[in-house]
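Quick look at work_9.txt (compact mmCIF, C-alpha atoms and all ligand atoms):
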```
# COMPACT_ATOMS: atom_id res chain seq x y z
CA MET A 202 -30.86 -30.74 83.01
CA PRO A 203 -27.26 -30.98 84.30
CA ARG A 204 -26.04 -28.02 86.30
CA GLY A 205 -24.10 -25.33 84.41
CA ILE A 206 -25.88 -25.80 81.11
CA THR A 207 -28.07 -22.90 80.06
CA PRO A 208 -30.80 -23.74 77.63
CA ARG A 209 -30.59 -21.90 74.34
CA GLN A 210 -32.81 -18.79 74.24
CA PRO A 211 -34.73 -17.68 71.17
CA SER A 212 -33.17 -14.72 69.35
CA ARG A 213 -34.74 -11.38 70.16
CA THR A 214 -34.63 -10.35 66.53
CA GLY A 215 -36.40 -13.46 65.48
CA HIS A 216 -33.44 -14.45 63.26
CA HIS A 217 -31.63 -17.48 64.50
CA GLU A 218 -27.99 -17.59 63.70
CA GLY A 219 -27.44 -20.07 60.92
CA THR A 220 -31.05 -19.99 59.91
CA ARG A 221 -31.33 -20.00 56.17
CA THR A 222 -34.05 -17.88 54.66
CA ALA A 223 -35.25 -17.91 51.08
CA ALA A 224 -33.21 -14.74 50.45
CA SER A 225 -30.06 -16.16 51.94
CA ARG A 226 -30.42 -19.33 49.96
CA LYS A 227 -30.54 -17.19 46.79
CA ASN A 228 -27.63 -15.07 47.91
CA PRO A 229 -25.37 -16.99 50.30
CA GLY A 230 -23.08 -13.98 50.70
CA ALA A 231 -25.89 -12.04 52.33
CA LEU A 232 -25.39 -13.96 55.55
CA ARG A 233 -21.81 -12.85 55.71
CA THR A 234 -22.56 -9.19 55.03
CA PRO A 235 -21.51 -7.35 58.17
CA ARG A 236 -24.00 -5.06 59.77
CA THR A 237 -23.17 -1.97 61.69
CA GLY A 238 -25.09 -0.22 64.45
CA GLU A 239 -27.50 -2.06 66.67
CA GLY A 240 -27.33 -5.78 66.18
CA ALA A 241 -23.94 -5.72 64.50
CA ARG A 242 -21.88 -8.87 64.83
CA PRO A 243 -18.54 -7.54 66.09
CA HIS A 244 -16.33 -10.27 64.61
CA LEU A 245 -17.79 -9.67 61.15
CA VAL A 246 -17.57 -5.89 61.44
CA ARG A 247 -13.92 -6.18 62.46
CA ALA A 248 -13.18 -8.29 59.40
CA ALA A 249 -14.85 -5.76 57.13
CA ALA A 250 -12.87 -2.89 58.67
CA LYS A 251 -9.56 -4.42 57.53
CA PRO A 252 -7.87 -2.02 55.11
CA ARG A 253 -7.89 -3.10 51.49
CA ARG A 254 -4.55 -4.22 50.15
CA LYS A 255 -2.95 -1.30 48.40
CA ASN A 256 -1.33 -1.62 45.01
CA SER A 257 2.14 -2.66 46.08
CA TYR A 258 3.95 -1.54 42.90
CA ASN A 259 6.97 0.54 43.81
CA PRO A 260 8.93 1.75 40.77
CA THR A 261 11.97 2.61 42.89
CA ALA A 262 12.10 -0.66 44.83
CA PRO A 263 15.73 -1.83 45.11
CA VAL A 264 14.95 -5.06 43.30
CA ARG A 265 13.58 -3.14 40.28
CA ILE A 266 16.51 -0.73 40.27
CA GLU A 267 18.92 -3.66 40.36
CA GLU A 268 17.13 -5.21 37.40
CA ILE A 269 17.28 -1.97 35.41
CA LEU A 270 21.01 -1.62 36.14
CA LYS A 271 21.63 -5.24 35.19
CA ARG A 272 19.89 -4.82 31.86
CA LEU A 273 21.70 -1.56 31.15
CA ASP A 274 24.99 -3.33 31.87
CA THR A 275 24.14 -6.00 29.34
CA LEU A 276 23.09 -3.46 26.75
CA TYR A 277 25.80 -0.86 27.23
CA ALA A 278 28.79 -2.51 28.84
CA GLY A 279 31.73 -0.17 29.34
CA VAL A 280 30.26 2.85 27.58
CA THR A 281 31.66 6.26 28.31
CA CYS A 282 31.22 9.85 27.25
CA ALA A 283 30.68 10.18 23.51
CA LEU A 284 32.40 13.55 23.33
CA HIS A 285 35.91 13.23 21.93
CA HIS A 286 38.59 14.73 24.17
CA LYS A 287 42.21 14.29 25.18
CA THR A 288 42.34 16.55 28.25
CA ALA A 289 40.03 17.75 31.01
CA TRP A 290 39.92 21.16 29.33
CA GLU A 291 38.85 19.67 25.98
CA LEU A 292 36.13 17.68 27.75
CA LEU A 293 34.93 20.78 29.54
CA VAL A 294 34.74 22.77 26.29
CA ALA A 295 33.03 19.94 24.42
CA THR A 296 30.47 19.55 27.20
CA ILE A 297 29.69 23.26 27.22
CA LEU A 298 29.23 23.19 23.43
CA SER A 299 27.02 20.09 23.60
CA ALA A 300 24.37 21.80 25.73
CA GLN A 301 22.29 22.90 22.76
CA SER A 302 23.79 20.58 20.18
CA THR A 303 24.40 16.92 19.50
CA ASP A 304 27.56 15.08 20.44
CA VAL A 305 28.05 14.19 16.78
CA ARG A 306 27.97 17.86 15.78
CA VAL A 307 30.36 18.83 18.59
CA ASN A 308 32.76 16.05 17.60
CA MET A 309 32.82 17.50 14.07
CA VAL A 310 33.83 20.91 15.37
CA THR A 311 36.30 20.20 18.16
CA PRO A 312 39.24 18.63 16.24
CA GLU A 313 39.73 21.81 14.23
CA LEU A 314 39.00 23.99 17.26
CA PHE A 315 41.62 22.32 19.46
CA GLY A 316 44.05 22.23 16.55
CA LYS A 317 43.74 26.00 16.24
CA TYR A 318 43.80 26.69 20.01
CA PRO A 319 45.67 23.80 21.68
CA THR A 320 45.76 25.08 25.27
CA VAL A 321 43.51 26.72 27.81
CA GLN A 322 45.83 29.74 27.68
CA ASP A 323 45.10 30.08 23.94
CA PHE A 324 41.37 30.26 24.69
CA ALA A 325 41.95 32.68 27.58
CA ALA A 326 43.70 35.06 25.17
CA LEU A 327 40.62 35.29 22.92
CA THR A 328 37.57 37.49 23.01
CA PRO A 329 34.21 35.74 22.72
CA GLU A 330 33.74 37.40 19.32
CA GLN A 331 36.97 35.86 18.04
CA LEU A 332 35.79 32.40 19.06
CA GLN A 333 32.31 32.66 17.60
CA PRO A 334 33.11 31.66 13.98
CA ASP A 335 34.83 28.46 15.17
CA ILE A 336 31.82 27.18 17.11
CA ARG A 337 28.99 28.72 15.10
CA SER A 338 27.65 25.39 13.83
CA THR A 339 27.06 24.03 17.35
CA GLY A 340 24.27 26.53 18.00
CA PHE A 341 23.99 29.15 20.74
CA PHE A 342 27.48 30.18 19.71
CA ARG A 343 27.28 33.67 21.22
CA ASN A 344 26.50 32.38 24.71
CA ASN A 345 28.81 29.41 24.40
CA SER A 346 31.74 31.52 23.23
CA LYS A 347 31.30 33.74 26.31
CA SER A 348 31.19 30.65 28.54
CA VAL A 349 34.26 28.99 27.00
CA VAL A 350 36.42 32.13 27.00
CA GLY A 351 35.20 33.09 30.50
CA ALA A 352 35.95 29.59 31.85
CA ALA A 353 39.42 29.65 30.24
CA LYS A 354 40.27 33.04 31.77
CA LYS A 355 39.17 31.90 35.25
CA ILE A 356 41.05 28.59 35.01
CA VAL A 357 44.21 30.44 34.01
CA SER A 358 43.84 33.15 36.65
CA ASP A 359 42.46 31.14 39.60
CA PHE A 360 43.53 27.56 39.03
CA ASN A 361 46.96 27.87 37.48
CA GLY A 362 45.70 26.68 34.11
CA GLN A 363 44.37 23.38 35.50
CA VAL A 364 40.70 22.37 35.32
CA PRO A 365 39.66 22.04 38.98
CA ASP A 366 38.46 18.67 40.26
CA GLN A 367 36.10 19.99 42.93
CA MET A 368 32.40 20.50 42.36
CA ASP A 369 32.21 23.96 43.95
CA GLN A 370 35.22 25.18 41.95
CA LEU A 371 33.81 23.88 38.69
CA LEU A 372 30.46 25.49 39.42
CA ALA A 373 32.27 28.82 39.83
CA LEU A 374 33.32 28.73 36.16
CA PRO A 375 31.19 30.67 33.67
CA GLY A 376 28.78 28.42 31.76
CA VAL A 377 29.28 25.44 34.07
CA ALA A 378 26.29 23.99 35.90
CA ARG A 379 25.95 20.62 37.63
CA LYS A 380 25.44 18.68 34.43
CA THR A 381 28.74 19.83 32.91
CA ALA A 382 30.54 19.52 36.25
CA ASN A 383 29.28 15.95 36.68
CA VAL A 384 30.49 15.02 33.19
CA VAL A 385 33.98 16.36 33.89
CA LEU A 386 34.23 14.97 37.43
CA GLY A 387 32.83 11.56 36.54
CA THR A 388 34.44 11.03 33.15
CA TRP A 389 37.86 12.65 33.55
CA PHE A 390 38.50 12.67 37.30
CA LYS A 391 36.56 9.42 37.98
CA LYS A 392 34.69 11.05 40.83
CA ASN A 393 31.06 10.16 41.40
CA GLU A 394 29.79 13.48 42.68
CA GLY A 395 26.40 13.40 40.98
CA VAL A 396 24.31 12.06 38.14
CA VAL A 397 24.46 13.76 34.75
CA VAL A 398 20.92 14.86 33.93
CA ASP A 399 20.81 15.79 30.28
CA THR A 400 17.79 15.57 28.00
CA HIS A 401 18.07 11.75 27.69
CA VAL A 402 18.44 11.08 31.41
CA HIS A 403 15.59 13.51 32.09
CA ARG A 404 13.22 11.75 29.66
CA ILE A 405 14.13 8.14 30.48
CA SER A 406 14.12 8.61 34.25
CA ARG A 407 10.54 9.78 33.97
CA ARG A 408 9.53 7.01 31.57
CA LEU A 409 10.99 4.42 33.94
CA GLU A 410 9.30 6.16 36.92
CA LEU A 411 12.60 6.74 38.68
CA THR A 412 11.43 10.26 39.36
CA SER A 413 8.23 12.24 39.10
CA HIS A 414 10.06 15.56 39.00
CA ASP A 415 10.45 17.60 35.85
CA ASP A 416 13.50 19.72 36.61
CA PRO A 417 17.12 18.50 36.41
CA LYS A 418 18.00 19.51 39.96
CA ASN A 419 15.29 17.41 41.60
CA ILE A 420 15.65 14.57 39.10
CA GLU A 421 19.33 14.33 40.00
CA GLN A 422 18.50 14.26 43.72
CA ASP A 423 15.97 11.47 43.16
CA LEU A 424 18.44 9.44 41.12
CA MET A 425 21.21 9.92 43.67
CA LYS A 426 18.93 8.39 46.31
CA ILE A 427 18.15 5.21 44.39
CA ILE A 428 21.25 4.53 42.26
CA PRO A 429 24.33 3.30 44.14
CA ARG A 430 26.97 6.02 44.22
CA GLU A 431 29.62 3.96 42.47
CA ARG A 432 27.19 3.69 39.53
CA TRP A 433 26.32 7.36 39.10
CA THR A 434 28.66 8.14 36.19
CA LEU A 435 28.23 4.82 34.40
CA PHE A 436 24.45 4.95 34.86
CA SER A 437 24.41 8.43 33.30
CA HIS A 438 26.38 7.30 30.26
CA GLN A 439 24.33 4.13 29.84
CA VAL A 440 21.04 6.02 29.96
CA ILE A 441 22.36 8.63 27.53
CA TRP A 442 23.31 5.83 25.11
CA HIS A 443 19.91 4.23 25.62
CA GLY A 444 18.31 7.55 24.76
CA ARG A 445 20.26 7.73 21.54
CA LYS A 446 19.81 4.12 20.45
CA LEU A 447 16.36 2.96 21.56
CA CYS A 448 14.50 5.20 23.98
CA ILE A 449 14.41 8.12 21.60
CA ALA A 450 12.16 11.07 22.30
CA ARG A 451 9.56 10.93 19.54
CA ARG A 452 9.04 7.22 18.85
CA PRO A 453 10.91 5.01 21.29
CA LYS A 454 11.78 1.59 19.87
CA CYS A 455 9.97 -0.31 22.63
CA ALA A 456 9.57 -3.52 20.64
CA ASP A 457 13.39 -3.80 20.53
CA CYS A 458 14.01 -2.63 24.10
CA PRO A 459 15.23 -5.15 26.69
CA LEU A 460 13.66 -3.01 29.43
CA GLU A 461 10.23 -3.30 27.87
CA ASN A 462 8.57 -5.65 30.35
CA ILE A 463 9.56 -3.51 33.32
CA CYS A 464 8.71 -0.19 31.67
CA HIS A 465 5.22 1.29 31.99
CA ALA A 466 5.84 4.54 30.13
CA ALA A 467 2.74 6.31 28.90
CA ASP A 468 4.27 7.03 25.50
CA LYS A 469 5.49 3.53 24.72
CA THR A 470 5.04 2.49 21.12
CA TRP A 471 4.49 -1.16 22.02
CA SER A 472 3.77 -2.79 25.35
CA THR A 473 3.24 -6.14 27.01
CA VAL A 474 2.56 -4.58 30.41
CA GLU A 475 0.11 -2.07 31.74
CA ILE A 476 0.72 1.59 31.02
CA HIS A 477 1.06 4.15 33.81
CA LYS A 478 -0.39 7.46 32.72
CA LYS A 479 2.03 9.55 34.76
CA ALA A 480 5.13 7.73 33.52
CA LYS A 481 6.23 10.30 30.97
S1 LIG B 501 10.27 0.19 26.64
FE1 LIG B 501 10.22 1.99 25.30
S2 LIG B 501 9.83 3.75 26.63
FE2 LIG B 501 10.48 2.02 27.95
S3 LIG B 501 12.69 2.27 28.19
FE3 LIG B 501 12.37 0.91 26.45
S4 LIG B 501 12.34 2.24 24.63
FE4 LIG B 501 12.05 3.53 26.45
```

Full structure transcribed into structure tokens:
Amino acid sequence: MPRGITPRQPSRTGHHEGTRTAASRKNPGALRTPRTGEGARPHLVRAAAKPRRKNSYNPTAPVRIEEILKRLDTLYAGVTCALHHKTAWELLVATILSAQSTDVRVNMVTPELFGKYPTVQDFAALTPEQLQPDIRSTGFFRNNSKSVVGAAKKIVSDFNGQVPDQMDQLLALPGVARKTANVVLGTWFKKNEGVVVDTHVHRISRRLELTSHDDPKNIEQDLMKIIPRERWTLFSHQVIWHGRKLCIARRPKCADCPLENICHAADKTWSTVEIHKKAK
């Protein structure tokens, strides 16, 4: 035998590598089954220890967000706030009144209201009780009349009769929270300071898995992280329109929805894609 060549030794286990037994012939995969402990074949054990590929679906991946925005643009090009207004003050009042009402209802009330009280000073001169009959049909009229009159008095006393264009100043007005402030800043002052999270944005953001939160504050934070800032106001309006037209609360019109094949909402009424139980 030439030098340097070691003759092959019999296996100590009695199983020669590559030897095919009756069992392995029946089940070829058995040979590849890695063993652990004594007698383990390290290269096979290493292969088995590889982590399984995780489900790579990421609902907030930039490419998905871009697609959602693109489809919203096609559906709702150039939409804006549905509340009728001619000044920042009128928009502020209409937004306060819309909190527990519909935009349609508010638009029925405001022409007469602003005809009767044309300026913020006119509202500031009222008591909440005097305003109540004029806004009764919008619901929550006792609270809303306090908010509107209180906001008018503060605007007249602290801001020289001008609706402020800063978030912190708007939030200092009675009855004004981030949603109302975002509407006024985005729609009237063209400032993208946040995303308007009303009932439609709340519902649709969850259906589209853009957030898993259930409170407006955290939903807004999530949306601000994934939607480009220059889109915040437009995105809000587009989603609000989508909520009115197609993605309605009780029975969304999924069969007519151009977002259908990228939406996995649990309460879809029709679907061509898998449903995600938590997407609601
Ligand atoms: S597919 Fe249905 S649930 Fe999803 S966004 Fe469209 S209307 Fe809403």

Worksheet entry | Expected selection as a ChimeraX atom specification for ligand LIG 501 (chain B) within 9 Å, only C-alpha atoms and all ligand atoms | /A:404-406,408-409,443-444,446-450,452-472,481

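Of the listed residues A:Asp304, A:Asp399, A:Glu291, A:Glu421, the one whose atoms come nearest to Ile441 in chain A is A:Asp399, with distances taken using only C-alpha atoms.
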
Discussion item. My list of candidates is A:Leu332, A:Val364, A:Ile420, A:Ala262. Which is closest to Trp389 in chain A when distances are computed with all atoms listed in the file?
Written reply: A:Val364

Fill in: Polymer residues at most 9 Å from range 323-326 of chain A, all atoms listed in the file, same-chain spacing of 6 or more positions, as a list in words
Lys317, Leu332, Val349, Val350, Gly351, Ala352, Ala353, Lys354, Lys355, Ile356 and Val357 of chain A

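For the atom pair formed by CA of Ile428 in chain A and CA of Asp274 in chain A, the distance is 13.6 Å, given to one decimal.
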
Selection near Ile297 in chain A, 8 Å with only C-alpha atoms, sequence-local residues under 4 positions removed, as a compact mmCIF listing (two decimals) with C-alpha atoms, in the frame of the given file:
```
# COMPACT_ATOMS: atom_id res chain seq x y z
CA LEU A 293 34.93 20.78 29.54
CA ASN A 345 28.81 29.41 24.40
CA SER A 348 31.19 30.65 28.54
CA VAL A 349 34.26 28.99 27.00
CA GLY A 376 28.78 28.42 31.76
CA VAL A 377 29.28 25.44 34.07
CA THR A 381 28.74 19.83 32.91
```

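Coordinates place CA of Val280 in chain A at a distance of 26.2 Å from CA of Gly316 in chain A.
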
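Put simply, CA of Asp335 in chain A is 8.3 Å away from CA of Glu313 in chain A.
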
Worksheet entry | Residue nearest Thr311 in chain A - candidates A:Tyr258, A:Phe436, A:Trp290, A:Phe341, atoms counted: all atoms listed in the file | A:Trp290

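Restricting the calculation to all atoms listed in the file, the smallest distance between Glu394 in chain A and any of A:Met309, A:Met425, A:Ala283, A:Ala480 is found for A:Met425.
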
Item to complete: Extract, using all atoms listed in the file, all DNA, RNA and protein residues at most 9 Å from Ile427 in chain A, discarding same-chain residues fewer than 2 positions from it, and format them as a PyMOL selection string.
Response: chain A and resi 261-263+266+411+423-425+429-430

Could you give me the centre and size, in Å to one decimal, of an axis-aligned box around all listed atoms of range 367-378 of chain A with 5 Å added on every side, as JSON?
```
{"center_x": 31.2, "center_y": 25.3, "center_z": 37.9, "size_x": 19.8, "size_y": 20.7, "size_z": 22.2}
```

Item to complete: Determine, counting all atoms listed in the file, which protein, DNA and RNA residues have an atom within 10 Å of an atom of Pro365 in chain A; residues of the same chain fewer than 2 positions away are not included. Present the result as a list in words.
Response: Ala289, Trp290, Ile356, Asp359, Phe360, Asn361, Gly362, Gln363, Gln367, Met368, Asp369, Gln370, Leu371, Leu372, Leu374, Ala382, Val385, Leu386 and Phe390 of chain A

Could you write out that same residue set with C-alpha atoms as a PDB file, in the coordinates of the input?
```
ATOM      1  CA  ALA A 289      40.030  17.750  31.010  1.00  0.00           C
ATOM      2  CA  TRP A 290      39.920  21.160  29.330  1.00  0.00           C
ATOM      3  CA  ILE A 356      41.050  28.590  35.010  1.00  0.00           C
ATOM      4  CA  ASP A 359      42.460  31.140  39.600  1.00  0.00           C
ATOM      5  CA  PHE A 360      43.530  27.560  39.030  1.00  0.00           C
ATOM      6  CA  ASN A 361      46.960  27.870  37.480  1.00  0.00           C
ATOM      7  CA  GLY A 362      45.700  26.680  34.110  1.00  0.00           C
ATOM      8  CA  GLN A 363      44.370  23.380  35.500  1.00  0.00           C
ATOM      9  CA  GLN A 367      36.100  19.990  42.930  1.00  0.00           C
ATOM     10  CA  MET A 368      32.400  20.500  42.360  1.00  0.00           C
ATOM     11  CA  ASP A 369      32.210  23.960  43.950  1.00  0.00           C
ATOM     12  CA  GLN A 370      35.220  25.180  41.950  1.00  0.00           C
ATOM     13  CA  LEU A 371      33.810  23.880  38.690  1.00  0.00           C
ATOM     14  CA  LEU A 372      30.460  25.490  39.420  1.00  0.00           C
ATOM     15  CA  LEU A 374      33.320  28.730  36.160  1.00  0.00           C
ATOM     16  CA  ALA A 382      30.540  19.520  36.250  1.00  0.00           C
ATOM     17  CA  VAL A 385      33.980  16.360  33.890  1.00  0.00           C
ATOM     18  CA  LEU A 386      34.230  14.970  37.430  1.00  0.00           C
ATOM     19  CA  PHE A 390      38.500  12.670  37.300  1.00  0.00           C
TER      20      PHE A 390
END
```

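Closest approach to Val307 in chain A among A:Leu292, A:Val384, A:Val321, A:Leu284 is made by A:Leu284 (distances from only C-alpha atoms).
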